[in-house]
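K.L.:
Got a structure for you, protein.cif, holding mmCIF, C-alpha atoms and all ligand atoms.
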data_start
#
loop_
_atom_site.label_atom_id
_atom_site.label_comp_id
_atom_site.auth_asym_id
_atom_site.auth_seq_id
_atom_site.Cartn_x
_atom_site.Cartn_y
_atom_site.Cartn_z
CA MET A 10 16.35 -33.81 41.99
CA SER A 11 15.79 -32.84 38.37
CA THR A 12 16.94 -29.34 37.43
CA GLN A 13 14.94 -29.36 34.18
CA HIS A 14 11.88 -27.15 33.84
CA PRO A 15 10.33 -28.07 30.47
CA GLU A 16 7.60 -25.43 30.70
CA ARG A 17 10.04 -22.65 31.55
CA ASP A 18 12.81 -23.77 29.17
CA ASN A 19 10.43 -24.48 26.26
CA PRO A 20 7.33 -22.39 26.85
CA ALA A 21 4.30 -23.22 24.70
CA PRO A 22 4.05 -20.81 21.74
CA ARG A 23 1.90 -17.79 22.54
CA LYS A 24 -1.55 -17.59 20.95
CA LYS A 25 -1.82 -15.06 18.14
CA VAL A 26 -3.20 -11.71 19.30
CA THR A 27 -6.05 -10.53 17.06
CA THR A 28 -8.36 -7.52 16.92
CA PHE A 29 -10.85 -9.77 18.77
CA THR A 30 -8.28 -10.20 21.59
CA PHE A 31 -8.01 -6.40 21.73
CA ARG A 32 -11.76 -6.12 22.26
CA GLN A 33 -11.79 -8.95 24.85
CA LYS A 34 -8.98 -7.27 26.81
CA LYS A 35 -10.92 -4.03 26.98
CA GLU A 36 -14.06 -5.85 28.14
CA ARG A 37 -12.09 -7.66 30.86
CA GLY A 38 -10.31 -4.46 31.91
CA GLU A 39 -6.90 -5.94 31.02
CA PRO A 40 -4.34 -3.36 29.79
CA ILE A 41 -2.99 -3.72 26.24
CA SER A 42 0.76 -3.29 25.67
CA MET A 43 2.03 -2.00 22.33
CA LEU A 44 5.53 -0.99 21.17
CA THR A 45 7.05 0.15 17.91
CA ALA A 46 9.57 -1.98 16.00
CA TYR A 47 11.28 -1.54 12.67
CA ASP A 48 13.59 -4.58 12.38
CA TYR A 49 13.78 -8.36 12.83
CA PRO A 50 15.83 -8.73 16.06
CA THR A 51 13.80 -6.12 17.95
CA ALA A 52 10.50 -7.66 16.83
CA LEU A 53 11.76 -11.11 17.83
CA ALA A 54 12.73 -9.94 21.35
CA MET A 55 9.49 -8.02 21.84
CA ASP A 56 7.35 -10.91 20.67
CA GLN A 57 9.20 -13.26 23.04
CA ALA A 58 8.72 -10.77 25.88
CA GLY A 59 4.97 -11.04 25.28
CA VAL A 60 3.94 -7.64 23.94
CA ASP A 61 0.32 -7.61 22.69
CA ALA A 62 0.87 -5.50 19.56
CA ILE A 63 3.75 -4.20 17.47
CA LEU A 64 3.36 -1.01 15.49
CA VAL A 65 5.72 -0.46 12.59
CA GLY A 66 5.34 3.28 13.09
CA ASP A 67 6.26 5.97 10.61
CA SER A 68 8.38 7.23 13.55
CA LEU A 69 10.77 4.99 11.58
CA GLY A 70 11.59 8.16 9.64
CA MET A 71 12.89 9.97 12.71
CA VAL A 72 14.39 7.28 14.96
CA VAL A 73 15.90 4.98 12.30
CA LEU A 74 16.23 6.94 9.04
CA GLY A 75 17.28 10.27 10.54
CA TYR A 76 14.63 12.53 8.96
CA GLN A 77 13.55 15.67 10.86
CA ASN A 78 9.92 14.48 10.98
CA THR A 79 7.71 11.68 9.60
CA LEU A 80 6.65 13.45 6.40
CA PRO A 81 9.34 12.09 4.01
CA VAL A 82 8.60 8.41 4.83
CA THR A 83 7.44 6.43 1.78
CA MET A 84 5.30 3.31 1.29
CA GLU A 85 8.39 1.43 0.06
CA GLU A 86 10.37 2.30 3.22
CA MET A 87 7.42 1.24 5.39
CA LEU A 88 6.91 -2.08 3.57
CA HIS A 89 10.63 -2.91 3.72
CA HIS A 90 10.62 -2.55 7.54
CA CYS A 91 7.20 -4.23 7.93
CA ARG A 92 8.54 -7.34 6.20
CA ALA A 93 11.54 -7.48 8.58
CA VAL A 94 9.26 -7.14 11.63
CA SER A 95 6.82 -9.76 10.36
CA ARG A 96 9.68 -12.28 10.06
CA GLY A 97 10.49 -11.80 13.76
CA ALA A 98 7.07 -11.56 15.43
CA HIS A 99 4.50 -14.33 15.26
CA ALA A 100 2.12 -13.80 18.18
CA ALA A 101 1.77 -10.01 18.51
CA LEU A 102 -0.83 -8.19 16.44
CA LEU A 103 1.15 -6.41 13.71
CA ILE A 104 0.07 -2.94 12.67
CA GLY A 105 1.57 -0.99 9.77
CA ASP A 106 1.47 2.80 9.92
CA MET A 107 0.24 4.38 6.68
CA PRO A 108 2.76 7.10 5.71
CA PHE A 109 1.97 10.68 4.74
CA MET A 110 0.23 10.92 1.33
CA SER A 111 -0.53 7.19 1.13
CA TYR A 112 -4.19 7.69 2.17
CA GLN A 113 -4.93 11.42 1.79
CA VAL A 114 -5.16 11.71 -2.01
CA SER A 115 -8.09 9.41 -2.78
CA VAL A 116 -10.12 6.69 -1.13
CA GLU A 117 -9.15 4.24 -3.87
CA GLU A 118 -5.43 4.86 -3.38
CA ALA A 119 -5.86 4.54 0.39
CA VAL A 120 -7.54 1.12 0.10
CA ARG A 121 -4.87 -0.09 -2.35
CA ASN A 122 -2.04 1.07 -0.09
CA ALA A 123 -3.70 -0.41 3.01
CA GLY A 124 -3.93 -3.72 1.15
CA ARG A 125 -0.20 -3.61 0.36
CA PHE A 126 0.56 -3.56 4.11
CA LEU A 127 -1.18 -6.95 4.42
CA GLN A 128 -0.15 -8.48 1.08
CA LYS A 129 3.44 -7.23 0.83
CA GLY A 130 4.30 -6.20 4.39
CA GLY A 131 2.97 -9.16 6.39
CA MET A 132 0.90 -6.88 8.65
CA ASP A 133 -2.47 -7.73 10.26
CA ALA A 134 -3.85 -4.18 10.37
CA VAL A 135 -3.06 -0.57 9.44
CA LYS A 136 -3.05 2.71 11.35
CA LEU A 137 -3.81 6.14 9.97
CA GLU A 138 -4.01 9.65 11.43
CA GLY A 139 -6.93 12.05 11.53
CA GLY A 140 -10.57 12.45 12.52
CA ARG A 141 -13.64 13.74 10.72
CA GLU A 142 -11.81 14.13 7.40
CA ARG A 143 -10.80 10.43 7.39
CA LEU A 144 -14.18 8.78 7.97
CA GLU A 145 -14.73 7.83 4.33
CA VAL A 146 -11.27 6.29 4.07
CA VAL A 147 -11.72 4.35 7.35
CA ARG A 148 -15.07 3.01 6.10
CA ALA A 149 -13.58 1.95 2.76
CA ILE A 150 -10.49 0.26 4.24
CA SER A 151 -12.38 -1.60 6.95
CA GLY A 152 -15.05 -2.41 4.34
CA ALA A 153 -12.30 -4.16 2.38
CA GLY A 154 -11.71 -6.41 5.40
CA ILE A 155 -8.62 -4.58 6.65
CA PRO A 156 -8.64 -3.66 10.37
CA VAL A 157 -7.95 0.06 10.91
CA MET A 158 -6.49 1.71 14.00
CA GLY A 159 -7.25 5.43 14.22
CA HIS A 160 -4.93 8.10 15.65
CA LEU A 161 -6.14 11.36 17.24
CA GLY A 162 -4.62 14.18 19.29
CA LEU A 163 -1.06 15.02 18.29
CA THR A 164 -0.92 13.61 14.77
CA PRO A 165 2.71 14.04 13.65
CA GLN A 166 1.89 14.02 9.92
CA SER A 167 0.06 17.34 10.53
CA ILE A 168 2.80 19.07 12.54
CA HIS A 169 2.87 22.05 10.20
CA GLN A 170 -0.86 22.53 10.68
CA LEU A 171 -0.64 21.95 14.46
CA GLY A 172 2.33 24.33 14.85
CA GLY A 173 4.79 21.70 16.10
CA PHE A 174 4.89 18.70 18.44
CA ARG A 175 2.47 20.05 21.09
CA ALA A 176 -0.22 18.56 23.32
CA GLN A 177 -3.77 18.71 21.91
CA GLY A 178 -7.28 18.97 23.36
CA LYS A 179 -6.32 21.27 26.22
CA THR A 180 -9.36 23.56 25.98
CA ALA A 181 -12.95 22.44 26.57
CA LEU A 182 -13.81 23.19 22.94
CA ALA A 183 -10.83 21.32 21.46
CA ALA A 184 -11.44 18.39 23.84
CA LYS A 185 -15.13 18.21 22.85
CA ARG A 186 -14.11 18.06 19.19
CA LEU A 187 -11.75 15.16 19.91
CA VAL A 188 -14.43 13.23 21.83
CA GLU A 189 -16.80 13.64 18.87
CA GLU A 190 -14.14 12.54 16.38
CA ALA A 191 -13.28 9.47 18.49
CA VAL A 192 -16.94 8.40 18.45
CA LEU A 193 -17.15 8.98 14.69
CA LEU A 194 -14.00 6.91 14.06
CA GLU A 195 -15.45 4.02 16.07
CA GLN A 196 -18.71 4.27 14.09
CA ALA A 197 -16.74 4.34 10.82
CA GLY A 198 -15.17 0.95 11.70
CA CYS A 199 -11.89 1.51 13.59
CA PHE A 200 -11.04 -1.49 15.81
CA SER A 201 -8.87 0.64 18.13
CA LEU A 202 -7.70 4.23 18.53
CA VAL A 203 -4.33 5.78 19.42
CA LEU A 204 -4.61 8.94 21.54
CA GLU A 205 -1.39 10.96 21.49
CA SER A 206 -0.45 13.87 23.78
CA VAL A 207 -3.84 14.77 25.23
CA PRO A 208 -4.73 15.60 28.86
CA SER A 209 -5.18 12.46 30.97
CA GLN A 210 -8.79 13.42 31.90
CA LEU A 211 -9.61 13.46 28.20
CA GLY A 212 -7.84 10.13 27.58
CA GLU A 213 -9.98 8.57 30.30
CA MET A 214 -13.20 10.20 29.11
CA ILE A 215 -12.75 8.97 25.52
CA SER A 216 -11.79 5.48 26.73
CA HIS A 217 -15.03 5.26 28.74
CA LYS A 218 -17.13 6.53 25.84
CA LEU A 219 -15.83 4.02 23.26
CA SER A 220 -16.32 0.27 23.13
CA ILE A 221 -13.13 -0.12 21.05
CA PRO A 222 -9.84 0.01 23.02
CA THR A 223 -7.84 3.24 23.18
CA ILE A 224 -4.04 3.05 23.15
CA GLY A 225 -2.44 6.06 24.81
CA ILE A 226 0.90 7.73 24.26
CA GLY A 227 1.02 10.72 26.55
CA ALA A 228 -2.73 10.32 27.19
CA GLY A 229 -2.60 9.15 30.80
CA PRO A 230 -3.31 5.90 32.66
CA GLY A 231 -7.05 5.91 31.88
CA CYS A 232 -6.49 4.54 28.35
CA ASP A 233 -7.13 0.85 27.66
CA GLY A 234 -3.53 0.31 26.56
CA GLN A 235 -0.20 2.10 26.19
CA VAL A 236 2.33 2.49 23.40
CA LEU A 237 5.86 3.95 23.37
CA VAL A 238 8.38 4.46 20.60
CA THR A 239 10.92 1.74 21.39
CA HIS A 240 13.96 3.93 20.65
CA ASP A 241 12.71 6.36 23.35
CA LEU A 242 12.13 3.54 25.86
CA LEU A 243 15.60 2.08 25.20
CA GLY A 244 17.36 5.46 25.35
CA LEU A 245 18.51 5.20 21.73
CA PHE A 246 17.07 8.43 20.38
CA ASP A 247 18.26 11.56 22.12
CA ARG A 248 17.36 14.37 19.69
CA PHE A 249 14.45 15.14 22.01
CA THR A 250 12.52 13.23 24.65
CA PRO A 251 8.81 14.00 25.05
CA LYS A 252 7.49 14.42 28.62
CA PHE A 253 5.45 11.20 28.38
CA VAL A 254 8.47 8.94 27.74
CA LYS A 255 9.72 6.59 30.43
CA LYS A 256 13.29 5.49 29.68
CA TYR A 257 13.82 1.83 30.67
CA ALA A 258 17.44 1.56 29.45
CA SER A 259 20.38 3.64 28.22
CA PHE A 260 21.34 1.82 25.04
CA ARG A 261 23.04 4.87 23.51
CA GLU A 262 25.58 4.97 26.35
CA GLU A 263 25.95 1.16 26.13
CA MET A 264 26.62 1.44 22.38
CA LEU A 265 29.13 4.27 22.82
CA GLY A 266 30.96 2.26 25.52
CA ALA A 267 31.09 -0.86 23.31
CA PHE A 268 32.26 1.07 20.21
CA ASN A 269 34.98 2.90 22.21
CA ALA A 270 36.22 -0.36 23.72
CA TYR A 271 36.36 -2.02 20.27
CA ILE A 272 38.29 0.89 18.73
CA GLN A 273 40.78 0.81 21.63
CA ASP A 274 41.20 -2.96 21.29
CA VAL A 275 41.88 -2.66 17.54
CA ASN A 276 44.31 0.21 18.05
CA SER A 277 46.18 -1.62 20.82
CA ARG A 278 46.06 -4.96 18.91
CA ASN A 279 44.15 -6.60 21.74
CA PHE A 280 41.55 -7.72 19.20
CA PRO A 281 41.43 -10.23 17.64
CA ALA A 282 42.84 -12.55 20.36
CA LYS A 283 43.71 -16.24 19.91
CA GLU A 284 40.12 -17.36 20.59
CA HIS A 285 38.85 -15.26 17.68
CA THR A 286 41.24 -16.67 15.04
CA PHE A 287 41.47 -19.79 12.86
CA GLU A 288 44.67 -21.89 12.70
CA MET A 289 46.13 -23.98 9.89
CA SER A 290 47.68 -27.32 10.85
CA GLU A 291 51.51 -27.24 11.11
CA GLU A 292 51.72 -29.76 8.25
CA GLU A 293 49.65 -27.62 5.86
CA TRP A 294 51.52 -24.52 6.93
CA GLN A 295 54.92 -26.14 6.16
CA ALA A 296 53.55 -27.31 2.79
CA LEU A 297 52.51 -23.77 1.96
CA LEU A 298 55.93 -22.41 2.94
CA ARG A 299 57.58 -24.93 0.63
CA GLU A 300 55.35 -23.67 -2.23
CA GLU A 301 56.36 -20.04 -1.66
O1 LIG B 401 4.75 6.35 14.33
C1 LIG B 401 4.60 6.00 15.50
O2 LIG B 401 5.48 5.43 16.15
C2 LIG B 401 3.30 6.29 16.12
C3 LIG B 401 3.19 6.10 17.60
C4 LIG B 401 3.78 7.27 18.28
C5 LIG B 401 1.80 5.86 18.03
O3 LIG B 401 2.39 6.70 15.46
#
Please lay out the structure from this file as structure tokens.
P.N.:
Amino acid sequence: MSTQHPERDNPAPRKKVTTFTFRQKKERGEPISMLTAYDYPTALAMDQAGVDAILVGDSLGMVVLGYQNTLPVTMEEMLHHCRAVSRGAHAALLIGDMPFMSYQVSVEEAVRNAGRFLQKGGMDAVKLEGGRERLEVVRAISGAGIPVMGHLGLTPQSIHQLGGFRAQGKTALAAKRLVEEAVLLEQAGCFSLVLESVPSQLGEMISHKLSIPTIGIGAGPGCDGQVLVTHDLLGLFDRFTPKFVKKYASFREEMLGAFNAYIQDVNSRNFPAKEHTFEMSEEEWQALLREE
């Protein structure tokens, strides 16, 4: 009996996920999976695993670059990591997160910077934070043919205005404002909307109201899709863990264990062993000794 399974061993390449796929998934009631990535090997693994969308988030600043928040992240840092991700992922929809001050100063600058994510970063779409105050920018970017994902609720680029990383839309008045802003963002041309840290009833209400898919992070199961910061999911970032995070692995402990074992091996001369070294033939070795 043959033990070969051509379909399993060599699966057909996955079809590219597009903004149209996003819309179709919502219409069919199929959940959308999204994760953040900032480098080539992670993007490669995620794409192979079959994730629908990869966000090169400005969370890069906190989980990879070690900043206290996302505010110091620059366009150049974002584009550098976008390029690495785009080399690894071919099927997932790739979304580049517009960093603080890349879209707030003027509409013209916002469109130019959004274009750089596609031209220089290899992304398919961009994401930006904010509601009512961003409608003109959303219209201009999507008018230039660039798909825009909105982001409402806890918007980390406004932490100083929000008074820290805290859940949003918890009063009837604040929730009503978010529902209105979600509708306005859809009307302005967003193809999808991230809802971060809002009550689950509100996540569900907004998802029912919109025809574009919502992607929740701490917004409950009623959203059309879910996103997590990959370093949280893998247990690689332990400065703080938001309530909405589910940890699927403990990579920090794994890394510590591996680094400790390596240091011990080097100190005890157990590494490198014979299988890790190259040998010269006896003849060449003797010739070298004669030269010395
Ligand atoms: O930067 C990021 O990773 C994000 C997600 C939390 C949605 O904006």
K.L.:
May I ask for the distance between atom CA of A:Tyr47 and atom CA of A:Leu163, given in Å to one decimal place?
P.N.:
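Computed distance, atom CA of A:Tyr47 to atom CA of A:Leu163, equals 21.4 Å.
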K.L.:
Residues at most 7 Å from ligand LIG 401 (chain B), using all atoms listed in the file? Could they come as a PyMOL selection string?
P.N.:
chain A and resi 45+64-69+106+203+205+226+236-238
K.L.:
Which of these residues is nearest to A:Pro251, using all atoms listed in the file: A:Asn269, A:Ser206, A:Thr180, A:Ser216?
P.N.:
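Nearest to A:Pro251: A:Ser206.
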K.L.:
So which residues fall inside 10 Å of (32.4, -6.4, 21.2) if we count all atoms listed in the file? Mind giving them as a list in words?
P.N.:
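Residues with an atom at most 10 Å from (32.4, -6.4, 21.2): Met264, Gly266, Ala267, Phe268, Asn269, Ala270, Tyr271, Ile272, Asp274 and Phe280 of chain A.
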K.L.:
Which one of A:Ser259, A:Ala228, A:Ser201, A:Thr223 sits closest to A:Asp241 if you count only C-alpha atoms?
P.N.:
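Closest residue, counting only C-alpha atoms: A:Ser259.
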K.L.:
Find, counting only C-alpha atoms, the residue in A:Glu300, A:Glu293, A:Glu213, A:Glu262 that gets nearest to A:Gly227.
P.N.:
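Smallest separation from A:Gly227 among the options: A:Glu213.
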K.L.:
Using only C-alpha atoms and a cutoff of 6 Å, can you tell me which residues are near (-7.5, 12.1, 14.5) in the file's coordinates, and write them out as a list in words?
P.N.:
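Taken together, the residues in range are Glu138, Gly139, Gly140, His160, Leu161 and Gly162 of chain A.
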K.L.:
With all atoms listed in the file as the counted atoms, please give the residues lying no more than 10 Å from A:Cys91, apart from itself and same-chain residues fewer than 5 positions off, as an MDAnalysis selection string.
P.N.:
chainID A and resid 46:49 64:66 85:86 96 103:106 126:127 129:132
K.L.:
Pick from A:Asp61, A:Thr83, A:Asn279, A:Thr250: nearest to A:Lys34, with only C-alpha atoms counted?
P.N.:
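Checking each of A:Asp61, A:Thr83, A:Asn279, A:Thr250 against A:Lys34, counting only C-alpha atoms, the winner is A:Asp61.
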K.L.:
Considering all atoms listed in the file, state which residue in the set A:Leu193, A:Ala176, A:Pro165, A:His99 is at the smallest distance from A:Gly70.
P.N.:
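Counting all atoms listed in the file, the residue closest to A:Gly70 is A:Pro165.
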